[in-house]
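Inspection log for the structure reproduced underneath, given as structure tokens.
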Amino acid sequence: MTRLTHVDASGKANMVDVGDKAVTQRIAQAEGHVVMLPETLALIRSGEAKKGDVLATARIAGIMAAKRTHELIPLCHPLNLTKVKVDCTIDEALPGVRVTGEARVTGQTGVEMEALTAVSVACLTIYDMVKAADRAMRIEGIRLLAKSGGKSGDFRADDRPDAEKMA
């Protein structure tokens, strides 16, 4: 079993020392979605939500959240992000909104938490902006899709042997 990096030998939580790690380009991608009533999705699509442009606000909220991940998640390092991208796409089949996020850094530690935080906060923002119309919305499927860079190498969620079970 792999040893947890944020736990010391005595079982106490600690911040990992990344000082000796190589500086590399690191990229992480994440996804999630908000499932809602078709009428709620129509409200978002029309741009007539009382709080304003739902998708644009969610994108900005996700980007802002990625930049503050170290303030939200204990033991995360503050990072000088080089890129954060959040996309919110209407999906009639859900019905709802699919959110994807990407974070990039050239540094000594990964950006998985930043990508996941961006997606999570974008989904929460969508919920907040139209909750008056549909309090039963569900935020689902938040997960890391891929990451590259660093000592542990690349990861792709779809490459896992149990990927079908997780979908």
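Within each chain, counting starts at residue 1; across the structure tokens, chains are named A, B, ... in the order shown, with ligands numbered 1 upward in that order.
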
Please, which residues of chain A, numbered as in this document, come out strand (DSSP E or B) from DSSP, as a PyMOL selection string?
-> chain A and resi 7+13+24-35+83-91+96-107+138-148+155-156

Distance query Asp17 of chain A at most 10 Å, only C-alpha atoms, self and fewer than 2 positions along chain excluded, as a VMD selection string = chain A and resid 5 to 6 14 to 15 19 to 21 77 108 to 109

Which of these, A:Gly62, A:Gly101, A:Pro38, A:Pro95, has the shortest distance to Ala133 of chain A once you count only C-alpha atoms?
->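 Closest residue, counting only C-alpha atoms: A:Pro38.
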
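Neighbours of Ile63 of chain A closer than or equal to 7 Å, with only C-alpha atoms counted and sequence neighbours fewer than 2 positions away skipped, come out as Arg59, Ile60, Ala61, Ala65, Ala66, Lys67, Val84, Lys85, Val86 and Ala118 of chain A.
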
May I have the residues from that selection written out with N, CA, C and O atoms, as a PDB file, in the first residue's frame?
```pdb
ATOM      1  N   ARG A  59     -18.028  30.266 -14.498  1.00  0.00           N
ATOM      2  CA  ARG A  59     -16.650  30.195 -15.012  1.00  0.00           C
ATOM      3  C   ARG A  59     -15.714  31.071 -14.182  1.00  0.00           C
ATOM      4  O   ARG A  59     -14.634  30.636 -13.768  1.00  0.00           O
ATOM      5  N   ILE A  60     -16.124  32.295 -13.934  1.00  0.00           N
ATOM      6  CA  ILE A  60     -15.289  33.214 -13.162  1.00  0.00           C
ATOM      7  C   ILE A  60     -15.112  32.703 -11.733  1.00  0.00           C
ATOM      8  O   ILE A  60     -14.005  32.732 -11.185  1.00  0.00           O
ATOM      9  N   ALA A  61     -16.178  32.212 -11.131  1.00  0.00           N
ATOM     10  CA  ALA A  61     -16.084  31.688  -9.760  1.00  0.00           C
ATOM     11  C   ALA A  61     -15.114  30.516  -9.694  1.00  0.00           C
ATOM     12  O   ALA A  61     -14.313  30.412  -8.762  1.00  0.00           O
ATOM     13  N   ALA A  65     -11.711  30.438  -7.535  1.00  0.00           N
ATOM     14  CA  ALA A  65     -11.556  29.412  -6.505  1.00  0.00           C
ATOM     15  C   ALA A  65     -10.242  28.651  -6.670  1.00  0.00           C
ATOM     16  O   ALA A  65      -9.563  28.358  -5.685  1.00  0.00           O
ATOM     17  N   ALA A  66      -9.883  28.333  -7.912  1.00  0.00           N
ATOM     18  CA  ALA A  66      -8.624  27.613  -8.150  1.00  0.00           C
ATOM     19  C   ALA A  66      -7.457  28.409  -7.579  1.00  0.00           C
ATOM     20  O   ALA A  66      -6.539  27.837  -6.984  1.00  0.00           O
ATOM     21  N   LYS A  67      -7.497  29.716  -7.743  1.00  0.00           N
ATOM     22  CA  LYS A  67      -6.411  30.568  -7.268  1.00  0.00           C
ATOM     23  C   LYS A  67      -6.340  30.633  -5.748  1.00  0.00           C
ATOM     24  O   LYS A  67      -5.325  31.030  -5.188  1.00  0.00           O
ATOM     25  N   VAL A  84      -5.659  28.775 -15.661  1.00  0.00           N
ATOM     26  CA  VAL A  84      -6.852  28.099 -15.168  1.00  0.00           C
ATOM     27  C   VAL A  84      -7.940  28.317 -16.204  1.00  0.00           C
ATOM     28  O   VAL A  84      -8.169  29.451 -16.642  1.00  0.00           O
ATOM     29  N   LYS A  85      -8.570  27.239 -16.605  1.00  0.00           N
ATOM     30  CA  LYS A  85      -9.645  27.317 -17.592  1.00  0.00           C
ATOM     31  C   LYS A  85     -10.839  26.541 -17.057  1.00  0.00           C
ATOM     32  O   LYS A  85     -10.689  25.424 -16.564  1.00  0.00           O
ATOM     33  N   VAL A  86     -12.012  27.141 -17.140  1.00  0.00           N
ATOM     34  CA  VAL A  86     -13.255  26.486 -16.733  1.00  0.00           C
ATOM     35  C   VAL A  86     -14.250  26.639 -17.869  1.00  0.00           C
ATOM     36  O   VAL A  86     -14.452  27.742 -18.383  1.00  0.00           O
ATOM     37  N   ALA A 118     -11.801  24.247  -8.795  1.00  0.00           N
ATOM     38  CA  ALA A 118     -12.421  25.077  -9.835  1.00  0.00           C
ATOM     39  C   ALA A 118     -13.764  24.479 -10.269  1.00  0.00           C
ATOM     40  O   ALA A 118     -14.781  25.186 -10.348  1.00  0.00           O
TER      41      ALA A 118
END
```

Top pick for closest residue to Arg138 of chain A, considering A:Arg26, A:Arg68, A:Arg98, A:Arg45 and counting only C-alpha atoms | A:Arg98

Counting only C-alpha atoms, the residue of A:Asp8, A:Glu31, A:Asp128, A:Glu114 that sits nearest Gly52 of chain A |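 Closest candidate: A:Asp128.
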
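Ranking A:Ala28, A:Ala58, A:Ala132, A:Ile139 by their shortest atom-to-atom distance to Phe155 of chain A, with only C-alpha atoms included, puts A:Ala28 first.
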
Surrounding residues of Val105 of chain A excluding itself and chain neighbours under 3 positions, 6 Å, only C-alpha atoms, as a list in words = Gln25, Arg26, Leu81 and Thr82 of chain A

Go ahead and write the residues just picked, N, CA, C and O atoms, as a PDB file, in the first residue's frame.
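The resulting file, again-v7.pdb, is reproduced below:
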```pdb
ATOM      1  N   GLN A  25       6.476  21.230 -15.606  1.00  0.00           N
ATOM      2  CA  GLN A  25       5.140  21.708 -15.953  1.00  0.00           C
ATOM      3  C   GLN A  25       4.146  20.654 -15.499  1.00  0.00           C
ATOM      4  O   GLN A  25       4.316  19.463 -15.784  1.00  0.00           O
ATOM      5  N   ARG A  26       3.134  21.079 -14.784  1.00  0.00           N
ATOM      6  CA  ARG A  26       2.134  20.174 -14.251  1.00  0.00           C
ATOM      7  C   ARG A  26       0.761  20.665 -14.699  1.00  0.00           C
ATOM      8  O   ARG A  26       0.465  21.862 -14.632  1.00  0.00           O
ATOM      9  N   LEU A  81      -0.160  29.776 -10.241  1.00  0.00           N
ATOM     10  CA  LEU A  81      -0.793  29.144 -11.406  1.00  0.00           C
ATOM     11  C   LEU A  81      -0.469  29.925 -12.677  1.00  0.00           C
ATOM     12  O   LEU A  81      -0.481  31.146 -12.685  1.00  0.00           O
ATOM     13  N   THR A  82      -0.198  29.180 -13.740  1.00  0.00           N
ATOM     14  CA  THR A  82       0.069  29.822 -15.017  1.00  0.00           C
ATOM     15  C   THR A  82      -1.166  29.848 -15.907  1.00  0.00           C
ATOM     16  O   THR A  82      -1.248  30.651 -16.830  1.00  0.00           O
TER      17      THR A  82
END
```

Any chance you could list, as a ChimeraX atom specification, the residues in segment 30-142 of chain A that come up helix (DSSP H, G or I) when DSSP is run on the backbone?
-> /A:38-46,54-67,69-72,112-130

For Val130 of chain A, work out the shell of residues within 9 Å, counting only C-alpha atoms and skipping chain neighbours fewer than 3 positions away, then give it as a CSV table (one decimal) with N, CA and C atoms, in the first residue's frame.
```csv
chain,number,residue,atom,x,y,z
A,40,THR,N,-35.4,24.5,-15.6
A,40,THR,CA,-34.3,25.2,-15.0
A,40,THR,C,-33.2,25.4,-16.0
A,43,LEU,N,-34.1,28.1,-18.4
A,43,LEU,CA,-33.9,29.4,-17.7
A,43,LEU,C,-32.4,29.9,-17.9
A,44,ILE,N,-31.5,28.9,-17.7
A,44,ILE,CA,-30.1,29.2,-17.8
A,44,ILE,C,-29.8,29.6,-19.3
A,49,ALA,N,-32.1,34.3,-15.9
A,49,ALA,CA,-32.0,34.0,-14.5
A,49,ALA,C,-31.9,35.3,-13.7
A,50,LYS,N,-32.6,35.4,-12.6
A,50,LYS,CA,-32.6,36.7,-11.9
A,50,LYS,C,-31.3,37.2,-11.4
A,51,LYS,N,-30.3,36.3,-11.1
A,51,LYS,CA,-29.0,36.7,-10.7
A,51,LYS,C,-28.0,37.0,-11.8
A,54,VAL,N,-25.6,32.9,-15.7
A,54,VAL,CA,-25.2,31.8,-14.8
A,54,VAL,C,-23.9,31.2,-15.3
A,125,THR,N,-21.7,27.4,-7.8
A,125,THR,CA,-22.2,28.7,-8.3
A,125,THR,C,-23.5,28.5,-9.2
A,126,ILE,N,-23.4,27.5,-10.1
A,126,ILE,CA,-24.6,27.2,-10.9
A,126,ILE,C,-25.8,26.9,-10.0
A,127,TYR,N,-25.6,26.1,-9.0
A,127,TYR,CA,-26.7,25.8,-8.1
A,127,TYR,C,-27.2,27.0,-7.4
A,133,ALA,N,-35.3,28.4,-8.5
A,133,ALA,CA,-36.2,27.7,-9.5
A,133,ALA,C,-36.1,26.2,-9.3
A,134,ASP,N,-35.1,25.6,-8.6
A,134,ASP,CA,-35.0,24.2,-8.6
A,134,ASP,C,-34.0,23.8,-7.4
A,135,ARG,N,-34.5,23.6,-6.2
A,135,ARG,CA,-33.7,23.3,-5.1
A,135,ARG,C,-33.3,21.8,-5.1
```

Sorted by chain and rising residue number, which residues of segment 38-124 of chain A lie within 7 Å of segment 142-153 of chain A, and what are their closest atom pairs and distances in Å to one decimal, counting only C-alpha atoms, as a Markdown table?
```
| residue | atom | partner | partner_atom | distance |
| --- | --- | --- | --- | --- |
| A:Glu112 | CA | A:Lys147 | CA | 6.9 |
| A:Leu116 | CA | A:Leu144 | CA | 6.7 |
| A:Ser120 | CA | A:Ile142 | CA | 6.9 |
```

Create the file for the chosen residues now, containing all heavy atoms and written as a compact mmCIF listing (two decimals), in the first residue's frame.
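File produced: out_37.txt:
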```
# COMPACT_ATOMS: atom_id res chain seq x y z
N GLU A 112 -3.80 19.14 -9.06
CA GLU A 112 -5.05 18.39 -9.05
C GLU A 112 -6.12 19.07 -8.20
O GLU A 112 -7.28 19.19 -8.60
CB GLU A 112 -4.84 16.96 -8.54
CG GLU A 112 -3.95 16.12 -9.39
CD GLU A 112 -2.50 16.11 -8.92
OE1 GLU A 112 -1.89 17.19 -8.82
OE2 GLU A 112 -1.98 15.01 -8.66
N LEU A 116 -9.85 20.45 -9.34
CA LEU A 116 -11.05 19.94 -8.66
C LEU A 116 -11.80 21.06 -7.94
O LEU A 116 -13.05 21.09 -7.95
CB LEU A 116 -10.66 18.84 -7.68
CG LEU A 116 -10.25 17.52 -8.32
CD1 LEU A 116 -9.47 16.66 -7.33
CD2 LEU A 116 -11.48 16.78 -8.85
N SER A 120 -15.63 22.23 -8.64
CA SER A 120 -16.58 22.18 -7.51
C SER A 120 -17.26 23.53 -7.29
O SER A 120 -18.49 23.60 -7.15
CB SER A 120 -15.84 21.76 -6.24
OG SER A 120 -15.30 20.48 -6.36
```

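Interatomic distance, atom CA of Gly110 of chain A to atom CA of Ala122 of chain A: 20.5 Å.
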
Residues within 12 Å of Asp91 of chain A, only C-alpha atoms, excluding chain neighbours under 5 positions, as a VMD selection string = chain A and resid 33 to 38 41 to 42 44 to 45 96 to 99
